[in-house]
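Data from model_4.txt: compact mmCIF, C-alpha atoms
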# COMPACT_ATOMS: atom_id res chain seq x y z
CA MET A 1 0.00 0.00 0.00
CA SER A 2 2.71 2.45 0.94
CA GLU A 3 4.09 2.24 -2.57
CA SER A 4 0.72 2.69 -4.30
CA PRO A 5 0.67 5.72 -6.60
CA SER A 6 -1.49 8.68 -5.64
CA PRO A 7 -2.07 11.84 -7.66
CA LYS A 8 0.41 14.59 -6.95
CA ARG A 9 -1.08 17.79 -5.60
CA GLY A 10 0.44 21.07 -4.45
CA ARG A 11 4.19 21.38 -4.10
CA PRO A 12 5.96 18.77 -6.22
CA GLY A 13 7.24 15.86 -4.19
CA TYR A 14 4.85 16.49 -1.33
CA ASP A 15 1.59 14.79 -2.08
CA GLN A 16 -0.71 13.74 0.77
CA ARG A 17 1.03 10.38 1.04
CA ALA A 18 4.41 12.01 1.67
CA VAL A 19 2.93 14.33 4.28
CA LEU A 20 1.25 11.35 5.93
CA GLU A 21 4.49 9.34 5.99
CA GLY A 22 6.38 12.24 7.51
CA ALA A 23 3.65 12.80 10.07
CA VAL A 24 3.59 9.16 11.16
CA ALA A 25 7.37 9.13 11.54
CA ALA A 26 7.16 12.28 13.68
CA PHE A 27 4.28 10.89 15.76
CA ASN A 28 6.32 7.74 16.44
CA ASP A 29 9.47 9.70 17.30
CA PHE A 30 8.00 12.46 19.47
CA GLY A 31 4.56 11.13 20.41
CA TYR A 32 1.32 12.29 18.79
CA ASP A 33 0.45 14.86 21.45
CA ALA A 34 3.92 16.42 21.36
CA THR A 35 3.89 16.79 17.55
CA SER A 36 2.31 20.12 16.65
CA MET A 37 1.64 21.09 13.05
CA GLY A 38 4.57 23.51 13.48
CA VAL A 39 6.91 20.68 14.51
CA LEU A 40 5.65 18.67 11.56
CA ALA A 41 6.12 21.52 9.11
CA ALA A 42 9.71 22.03 10.31
CA ARG A 43 10.41 18.32 9.96
CA LEU A 44 9.00 18.17 6.43
CA ASN A 45 10.65 21.47 5.52
CA LEU A 46 7.25 22.80 4.45
CA SER A 47 5.12 25.72 5.53
CA LYS A 48 2.08 24.94 7.65
CA ALA A 49 -0.03 26.31 4.77
CA ALA A 50 1.50 23.73 2.44
CA ILE A 51 0.54 20.95 4.87
CA TYR A 52 -3.02 22.29 5.17
CA HIS A 53 -3.21 22.07 1.38
CA HIS A 54 -3.15 18.28 1.80
CA VAL A 55 -4.93 17.67 5.11
CA SER A 56 -7.41 19.63 7.18
CA SER A 57 -5.89 18.94 10.59
CA LYS A 58 -3.50 16.90 12.71
CA GLU A 59 -6.49 14.75 13.64
CA GLU A 60 -7.05 13.90 9.97
CA LEU A 61 -3.43 12.74 9.72
CA LEU A 62 -3.95 10.50 12.76
CA GLN A 63 -7.17 9.12 11.28
CA LEU A 64 -5.51 8.40 7.92
CA ALA A 65 -2.55 6.73 9.62
CA LEU A 66 -4.66 4.51 11.90
CA ASP A 67 -6.91 3.60 8.94
CA GLU A 68 -3.83 2.47 7.02
CA ALA A 69 -2.98 -0.01 9.79
CA LEU A 70 -6.53 -1.12 10.59
CA ASP A 71 -7.66 -1.43 6.96
CA GLY A 72 -4.66 -3.71 6.42
CA LEU A 73 -5.45 -5.96 9.39
CA GLU A 74 -9.19 -6.07 8.68
CA GLY A 75 -8.44 -6.79 5.03
CA VAL A 76 -6.67 -9.99 6.05
CA LEU A 77 -9.88 -11.24 7.71
CA LEU A 78 -11.68 -10.83 4.37
CA GLU A 79 -9.20 -12.77 2.24
CA ASP A 80 -10.27 -16.17 0.87
CA GLY A 81 -7.74 -17.95 3.06
CA ALA A 82 -9.34 -16.47 6.17
CA LEU A 83 -12.86 -17.40 5.11
CA GLN A 84 -12.57 -20.89 3.66
CA GLY A 85 -11.24 -24.19 4.91
CA ARG A 86 -10.48 -25.62 8.34
CA ALA A 87 -10.31 -23.17 11.23
CA ILE A 88 -6.63 -23.99 11.87
CA ASP A 89 -5.79 -23.07 8.27
CA ARG A 90 -7.85 -19.89 8.44
CA LEU A 91 -6.12 -18.93 11.72
CA SER A 92 -2.71 -19.62 10.19
CA HIS A 93 -3.62 -17.47 7.19
CA VAL A 94 -4.63 -14.59 9.47
CA LEU A 95 -1.44 -14.82 11.55
CA ARG A 96 0.76 -14.82 8.45
CA GLY A 97 -1.28 -11.98 6.99
CA ALA A 98 -0.92 -9.93 10.17
CA VAL A 99 2.88 -10.38 10.02
CA PHE A 100 2.85 -9.16 6.41
CA VAL A 101 0.72 -6.12 7.24
CA LEU A 102 3.02 -5.30 10.14
CA THR A 103 6.22 -5.60 8.12
CA ASP A 104 4.70 -3.81 5.11
CA ARG A 105 3.10 -0.93 7.04
CA LEU A 106 5.47 -0.88 10.02
CA PRO A 107 5.23 2.81 11.07
CA TYR A 108 1.44 2.80 10.79
CA VAL A 109 1.01 -0.33 12.92
CA THR A 110 3.60 0.99 15.38
CA LEU A 111 1.48 4.11 15.81
CA LEU A 112 -1.68 2.02 16.19
CA LEU A 113 -0.10 -0.09 18.93
CA ARG A 114 0.75 3.04 20.94
CA VAL A 115 -2.77 4.47 20.85
CA ARG A 116 -4.14 4.82 24.41
CA GLY A 117 -7.62 6.22 23.78
CA ASN A 118 -7.02 9.93 24.47
CA SER A 119 -9.51 11.12 21.84
CA LEU A 120 -12.56 10.00 19.86
CA ILE A 121 -10.35 8.98 16.93
CA GLU A 122 -8.12 6.92 19.22
CA ARG A 123 -11.05 5.28 20.98
CA ALA A 124 -12.60 4.34 17.63
CA ALA A 125 -9.28 2.78 16.60
CA LEU A 126 -9.10 0.81 19.85
CA GLU A 127 -12.63 -0.45 19.23
CA ARG A 128 -11.63 -1.66 15.75
CA ARG A 129 -8.59 -3.40 17.29
CA ARG A 130 -10.85 -5.10 19.83
CA ASN A 131 -13.16 -6.28 17.05
CA PHE A 132 -10.17 -7.68 15.15
CA ASP A 133 -9.01 -9.48 18.31
CA ARG A 134 -12.50 -10.89 18.82
CA ALA A 135 -12.53 -12.26 15.28
CA VAL A 136 -9.17 -13.96 15.88
CA THR A 137 -10.34 -15.34 19.23
CA ALA A 138 -13.38 -16.81 17.44
CA LEU A 139 -10.98 -18.52 14.98
CA VAL A 140 -8.88 -19.87 17.88
CA THR A 141 -12.04 -21.22 19.52
CA ALA A 142 -13.19 -22.83 16.25
CA ALA A 143 -9.73 -24.39 15.74
CA ARG A 144 -9.90 -25.81 19.27
CA ASP A 145 -13.43 -27.11 18.74
CA GLU A 146 -12.47 -28.90 15.50
CA GLY A 147 -9.67 -30.60 17.49
CA SER A 148 -6.75 -28.80 15.85
CA LEU A 149 -5.62 -26.80 18.90
CA ARG A 150 -5.05 -27.89 22.49
CA ASP A 151 -7.98 -27.14 24.74
CA ASP A 152 -6.18 -26.40 28.03
CA ILE A 153 -5.47 -22.70 27.37
CA ASP A 154 -8.18 -20.05 27.27
CA PRO A 155 -8.72 -18.86 23.64
CA GLY A 156 -8.58 -15.22 24.72
CA VAL A 157 -5.18 -15.78 26.32
CA VAL A 158 -4.02 -17.68 23.23
CA THR A 159 -4.99 -14.74 20.99
CA ARG A 160 -3.16 -12.27 23.22
CA LEU A 161 0.01 -14.38 23.35
CA LEU A 162 -0.08 -14.88 19.57
CA PHE A 163 -0.43 -11.15 18.96
CA GLY A 164 2.16 -10.50 21.64
CA MET A 165 4.60 -12.27 19.32
CA VAL A 166 3.28 -10.62 16.14
CA ASN A 167 3.04 -7.11 17.57
CA SER A 168 6.51 -7.31 19.12
CA LEU A 169 7.78 -7.03 15.53
CA ALA A 170 6.93 -3.32 15.76
CA GLU A 171 9.63 -3.02 18.44
CA TRP A 172 12.45 -4.88 16.72
CA TYR A 173 11.77 -5.66 13.04
CA ARG A 174 13.69 -3.52 10.57
CA PRO A 175 12.67 -4.00 6.92
CA THR A 176 15.18 -5.93 4.85
CA GLY A 177 12.95 -7.30 2.10
CA HIS A 178 9.98 -9.55 1.43
CA GLU A 179 11.92 -12.82 1.84
CA ASP A 180 12.71 -11.77 5.36
CA ALA A 181 9.03 -11.11 6.12
CA LEU A 182 8.13 -14.56 4.72
CA GLN A 183 10.73 -16.17 6.99
CA LEU A 184 9.44 -14.26 10.01
CA ALA A 185 5.86 -15.32 9.30
CA ASP A 186 7.07 -18.93 9.10
CA ASP A 187 8.94 -18.55 12.40
CA VAL A 188 5.95 -17.07 14.20
CA LEU A 189 3.62 -19.81 12.95
CA ASN A 190 6.17 -22.48 13.75
CA VAL A 191 6.67 -21.31 17.33
CA ALA A 192 2.94 -20.78 17.82
CA LEU A 193 1.76 -24.12 16.48
CA ASN A 194 4.67 -26.50 17.01
CA GLY A 195 6.58 -24.89 19.87
CA LEU A 196 10.32 -24.58 20.31
CA GLN A 197 11.06 -27.97 21.82
CA SER A 198 12.97 -30.31 19.54
CA ARG A 199 11.20 -33.61 18.74
CA MET B 200 8.39 -5.87 46.27
CA SER B 201 5.62 -3.30 45.97
CA GLU B 202 4.14 -4.56 49.24
CA SER B 203 7.46 -4.56 51.11
CA PRO B 204 7.41 -2.25 54.12
CA SER B 205 9.59 0.84 54.03
CA PRO B 206 10.12 3.41 56.78
CA LYS B 207 7.60 6.24 56.73
CA ARG B 208 9.08 9.70 56.33
CA GLY B 209 7.57 13.16 56.06
CA ARG B 210 3.80 13.51 55.75
CA PRO B 211 2.10 10.38 57.09
CA GLY B 212 0.97 8.05 54.33
CA TYR B 213 3.35 9.53 51.79
CA ASP B 214 6.67 7.82 52.08
CA GLN B 215 9.00 7.64 49.09
CA ARG B 216 7.39 4.39 47.96
CA ALA B 217 3.95 5.99 47.74
CA VAL B 218 5.34 8.97 45.83
CA LEU B 219 7.10 6.57 43.47
CA GLU B 220 3.96 4.51 42.89
CA GLY B 221 1.95 7.65 42.17
CA ALA B 222 4.65 8.95 39.83
CA VAL B 223 4.84 5.71 37.85
CA ALA B 224 1.06 5.64 37.45
CA ALA B 225 1.16 9.24 36.19
CA PHE B 226 4.09 8.54 33.83
CA ASN B 227 2.15 5.60 32.37
CA ASP B 228 -1.07 7.59 32.02
CA PHE B 229 0.29 10.87 30.64
CA GLY B 230 3.77 9.95 29.41
CA TYR B 231 6.98 10.77 31.30
CA ASP B 232 7.75 13.97 29.38
CA ALA B 233 4.24 15.32 29.86
CA THR B 234 4.25 14.69 33.62
CA SER B 235 5.72 17.75 35.36
CA MET B 236 6.37 17.78 39.09
CA GLY B 237 3.36 20.13 39.27
CA VAL B 238 1.11 17.59 37.54
CA LEU B 239 2.45 14.92 39.87
CA ALA B 240 1.88 17.04 42.98
CA ALA B 241 -1.72 17.71 41.94
CA ARG B 242 -2.31 14.01 41.31
CA LEU B 243 -0.87 13.02 44.71
CA ASN B 244 -2.64 15.91 46.42
CA LEU B 245 0.73 17.04 47.81
CA SER B 246 2.74 20.21 47.52
CA LYS B 247 5.81 20.11 45.29
CA ALA B 248 7.88 20.77 48.43
CA ALA B 249 6.45 17.62 50.02
CA ILE B 250 7.51 15.60 46.97
CA TYR B 251 11.00 17.10 47.04
CA HIS B 252 11.19 15.92 50.65
CA HIS B 253 11.29 12.36 49.27
CA VAL B 254 13.08 12.68 45.94
CA SER B 255 15.49 15.18 44.45
CA SER B 256 13.98 15.36 40.96
CA LYS B 257 11.65 13.84 38.38
CA GLU B 258 14.72 12.11 36.95
CA GLU B 259 15.30 10.37 40.29
CA LEU B 260 11.73 9.05 40.20
CA LEU B 261 12.33 7.70 36.70
CA GLN B 262 15.60 6.10 37.79
CA LEU B 263 13.97 4.48 40.87
CA ALA B 264 11.07 3.20 38.77
CA LEU B 265 13.24 1.72 36.01
CA ASP B 266 15.54 0.15 38.64
CA GLU B 267 12.51 -1.54 40.19
CA ALA B 268 11.73 -3.25 36.88
CA LEU B 269 15.32 -3.98 35.84
CA ASP B 270 16.48 -5.18 39.27
CA GLY B 271 13.57 -7.62 39.19
CA LEU B 272 14.42 -9.01 35.76
CA GLU B 273 18.17 -9.16 36.42
CA GLY B 274 17.47 -10.81 39.78
CA VAL B 275 15.80 -13.72 37.96
CA LEU B 276 19.05 -14.37 36.05
CA LEU B 277 20.87 -14.76 39.39
CA GLU B 278 18.46 -17.27 40.95
CA ASP B 279 19.65 -20.85 41.41
CA GLY B 280 17.17 -22.12 38.85
CA ALA B 281 18.71 -19.82 36.22
CA LEU B 282 22.27 -20.87 37.02
CA GLN B 283 22.10 -24.63 37.53
CA GLY B 284 20.89 -27.56 35.47
CA ARG B 285 20.18 -28.08 31.78
CA ALA B 286 19.90 -24.99 29.60
CA ILE B 287 16.25 -25.75 28.78
CA ASP B 288 15.39 -25.81 32.49
CA ARG B 289 17.34 -22.61 33.12
CA LEU B 290 15.56 -20.93 30.19
CA SER B 291 12.18 -22.10 31.48
CA HIS B 292 13.02 -20.74 34.93
CA VAL B 293 13.92 -17.35 33.47
CA LEU B 294 10.74 -17.17 31.38
CA ARG B 295 8.55 -18.03 34.36
CA GLY B 296 10.49 -15.59 36.53
CA ALA B 297 10.04 -12.81 33.96
CA VAL B 298 6.27 -13.40 33.97
CA PHE B 299 6.26 -13.16 37.78
CA VAL B 300 8.28 -9.92 37.76
CA LEU B 301 5.94 -8.48 35.14
CA THR B 302 2.75 -9.41 36.99
CA ASP B 303 4.21 -8.38 40.39
CA ARG B 304 5.71 -5.05 39.24
CA LEU B 305 3.33 -4.34 36.37
CA PRO B 306 3.42 -0.49 36.31
CA TYR B 307 7.22 -0.45 36.59
CA VAL B 308 7.75 -2.90 33.74
CA THR B 309 5.10 -1.10 31.68
CA LEU B 310 7.11 2.11 32.07
CA LEU B 311 10.34 0.29 31.19
CA LEU B 312 8.82 -1.10 28.00
CA ARG B 313 7.86 2.40 26.84
CA VAL B 314 11.32 3.89 27.30
CA ARG B 315 12.66 5.18 23.98
CA GLY B 316 16.09 6.50 24.96
CA ASN B 317 15.35 10.22 25.22
CA SER B 318 17.82 10.81 28.10
CA LEU B 319 20.91 9.33 29.74
CA ILE B 320 18.75 7.51 32.30
CA GLU B 321 16.58 6.03 29.56
CA ARG B 322 19.56 5.00 27.45
CA ALA B 323 21.17 3.29 30.45
CA ALA B 324 17.90 1.41 31.04
CA LEU B 325 17.78 0.34 27.38
CA GLU B 326 21.36 -0.91 27.68
CA ARG B 327 20.41 -3.02 30.73
CA ARG B 328 17.42 -4.41 28.79
CA ARG B 329 19.74 -5.32 25.91
CA ASN B 330 22.11 -7.09 28.31
CA PHE B 331 19.18 -9.02 29.76
CA ASP B 332 18.07 -10.01 26.24
CA ARG B 333 21.62 -11.11 25.41
CA ALA B 334 21.70 -13.35 28.50
CA VAL B 335 18.40 -14.94 27.45
CA THR B 336 19.62 -15.38 23.86
CA ALA B 337 22.71 -17.15 25.24
CA LEU B 338 20.39 -19.51 27.17
CA VAL B 339 18.32 -20.15 24.02
CA THR B 340 21.53 -20.93 22.12
CA ALA B 341 22.73 -23.27 24.87
CA ALA B 342 19.35 -25.04 24.95
CA ARG B 343 19.55 -25.49 21.18
CA ASP B 344 23.13 -26.77 21.37
CA GLU B 345 22.25 -29.35 24.02
CA GLY B 346 19.51 -30.60 21.67
CA SER B 347 16.54 -29.36 23.70
CA LEU B 348 15.32 -26.71 21.26
CA ARG B 349 14.77 -26.87 17.51
CA ASP B 350 17.68 -25.48 15.52
CA ASP B 351 15.84 -23.98 12.53
CA ILE B 352 14.99 -20.61 14.09
CA ASP B 353 17.58 -17.97 14.90
CA PRO B 354 18.11 -17.74 18.70
CA GLY B 355 17.83 -13.94 18.57
CA VAL B 356 14.44 -14.20 16.86
CA VAL B 357 13.37 -16.86 19.38
CA THR B 358 14.24 -14.54 22.30
CA ARG B 359 12.32 -11.68 20.75
CA LEU B 360 9.22 -13.78 20.08
CA LEU B 361 9.34 -15.22 23.62
CA PHE B 362 9.55 -11.76 25.15
CA GLY B 363 6.93 -10.56 22.70
CA MET B 364 4.57 -12.93 24.48
CA VAL B 365 5.84 -12.11 27.99
CA ASN B 366 5.95 -8.33 27.50
CA SER B 367 2.49 -8.27 25.93
CA LEU B 368 1.22 -8.93 29.47
CA ALA B 369 1.94 -5.27 30.19
CA GLU B 370 -0.79 -4.41 27.66
CA TRP B 371 -3.53 -6.74 28.83
CA TYR B 372 -2.81 -8.40 32.19
CA ARG B 373 -4.80 -7.04 35.11
CA PRO B 374 -3.75 -8.39 38.53
CA THR B 375 -6.18 -10.88 40.02
CA GLY B 376 -3.89 -12.81 42.32
CA HIS B 377 -0.84 -15.04 42.43
CA GLU B 378 -2.67 -18.17 41.20
CA ASP B 379 -3.50 -16.28 38.07
CA ALA B 380 0.15 -15.35 37.53
CA LEU B 381 1.19 -18.99 38.00
CA GLN B 382 -1.37 -20.06 35.39
CA LEU B 383 -0.15 -17.41 32.96
CA ALA B 384 3.47 -18.47 33.40
CA ASP B 385 2.40 -22.07 32.67
CA ASP B 386 0.49 -20.92 29.57
CA VAL B 387 3.43 -18.91 28.21
CA LEU B 388 5.85 -21.80 28.74
CA ASN B 389 3.40 -24.27 27.27
CA VAL B 390 2.84 -22.24 24.10
CA ALA B 391 6.55 -21.47 23.78
CA LEU B 392 7.86 -25.00 24.24
CA ASN B 393 5.04 -27.26 23.11
CA GLY B 394 3.06 -25.06 20.75
CA LEU B 395 -0.68 -24.78 20.38
CA GLN B 396 -1.30 -27.70 18.06
CA SER B 397 -3.12 -30.62 19.67
CA ARG B 398 -1.21 -33.95 19.58

The structure in this file should be written as structure tokens.
Amino acid sequence: MSESPSPKRGRPGYDQRAVLEGAVAAFNDFGYDATSMGVLAARLNLSKAAIYHHVSSKEELLQLALDEALDGLEGVLLEDGALQGRAIDRLSHVLRGAVFVLTDRLPYVTLLLRVRGNSLIERAALERRRNFDRAVTALVTAARDEGSLRDDIDPGVVTRLLFGMVNSLAEWYRPTGHEDALQLADDVLNVALNGLQSR
Amino acid sequence: MSESPSPKRGRPGYDQRAVLEGAVAAFNDFGYDATSMGVLAARLNLSKAAIYHHVSSKEELLQLALDEALDGLEGVLLEDGALQGRAIDRLSHVLRGAVFVLTDRLPYVTLLLRVRGNSLIERAALERRRNFDRAVTALVTAARDEGSLRDDIDPGVVTRLLFGMVNSLAEWYRPTGHEDALQLADDVLNVALNGLQSR
């Protein structure tokens, strides 16, 4: 998504996408609350007026950024692999997909994971995260009920531990190419399903 | 540790421990940078002078809070169970111990996990976290070399995924008693070593 073309507007080289990318980087570095439009303008080497040519407010930038992360995660739930087949295969598809979204849209998901609910926009984002988690927990429960997953751990705890692994990527993953993301997705699935113990 | 008695000083009911607990809660709610001593005094219903009776500065509160988390984690590495026996048993001991530290000192570890290195104190804390991670990675490597752990996943990635699970507790665990922490430690170890797949 981050490479998708969008029509250039205003000052050459600074379309809305570029402003958004710069804003998300600043939000992650300084914190959303501490990043004023003035700070952002200085960082992008633009006037505030130039930024307002692309977005109406700092809140709109936050909304666009959180949508980028949440649309990606929710999109995974709508893929064929998440909708068809055995629950264990659908769950595996969703876990792999979440790793890809995280590695592909790293700054956006990083921002999402730091949201604490300080505004309407943030609370709406947290609600969408909770709905995503609920959908995954339903998949974990279905995989347990079909006999694919052990039944001695609460499905809600399982979901949180799984996404503990996936979301930790935001803390330590540094993009080095798609092969790397594939390997990571394999590693996460392998640890989650088969465990680390040698057999 | 948070229940350990400490000598009362100054205004009754507000010893250094109580000031520290209030400060950590405020740092976690508002962010460290956004929490001035004035904000803290208002939250604790104390004068700033009363706070300065217990600590010399906001930085000292941060230092004390991060020490609380790091001393706990480093302490686990020095326990008998982490020093003696097979590497897989030592690793398991450290993982369980880390879950106990996290559940027992939740606000302190939460603060530690949000540190980004904006000051000397924060950078020193990050360096101690890195040293802790290195010690765990060495245990993972030793457990692999003794044949206890699978050898197809990089030990550094294994450590990060393991602590992805453990550290995620800071986001969702709410204290409900020691039994609960024991169960969680079992769940984390079970997922990590044996995986979720039914056998």

>> Using all atoms listed in the file for the distances, tell me which of B:Lys257, B:Arg359, B:Arg398, B:Arg216 is nearest to Ile320 of chain B.
In response: B:Lys257

> Could you name the residues that touch Val300 of chain B at 8 Å or less, counting only C-alpha atoms, but leaving out those on the same chain fewer than 5 positions away, as a ChimeraX atom specification?
Replying inline: /B:268,271-272,305

>> Contacts from chain A to chain B, 10 Å maximum, only C-alpha atoms: show me the residue list as a PyMOL selection string.
In response: chain A and resi 29-31+33-34+88+113-114+116+118+140+143-144+147-154+157-158+160-169+171-173+183-184+186-199

> In Å, with one decimal, what is the gap from atom CA of Asp214 of chain B to atom CA of Arg242 of chain B?
Replying inline: 15.3 Å

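Distance check against Ala82 of chain A using all atoms listed in the file: of A:Ala185, A:Ala135, A:Val24, A:Leu66, the minimum falls on A:Ala135.
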
>> What does the structure give for the distance between atom CA of Asp279 of chain B and atom CA of Leu310 of chain B, in Å to one decimal?
In response: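 These atoms are spaced 27.8 Å apart.
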
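Note that atom CA of Val136 of chain A and atom CA of Val76 of chain A are 10.9 Å apart.
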
Could you put an axis-aligned box around every listed atom of segment 365-375 of chain B, padded by 5 Å on each side, and send me its centre and edge lengths in Å to one decimal, as lines of an AutoDock Vina configuration file?
center_x = -0.1
center_y = -8.3
center_z = 33.0
size_x = 22.1
size_y = 17.7
size_z = 24.1
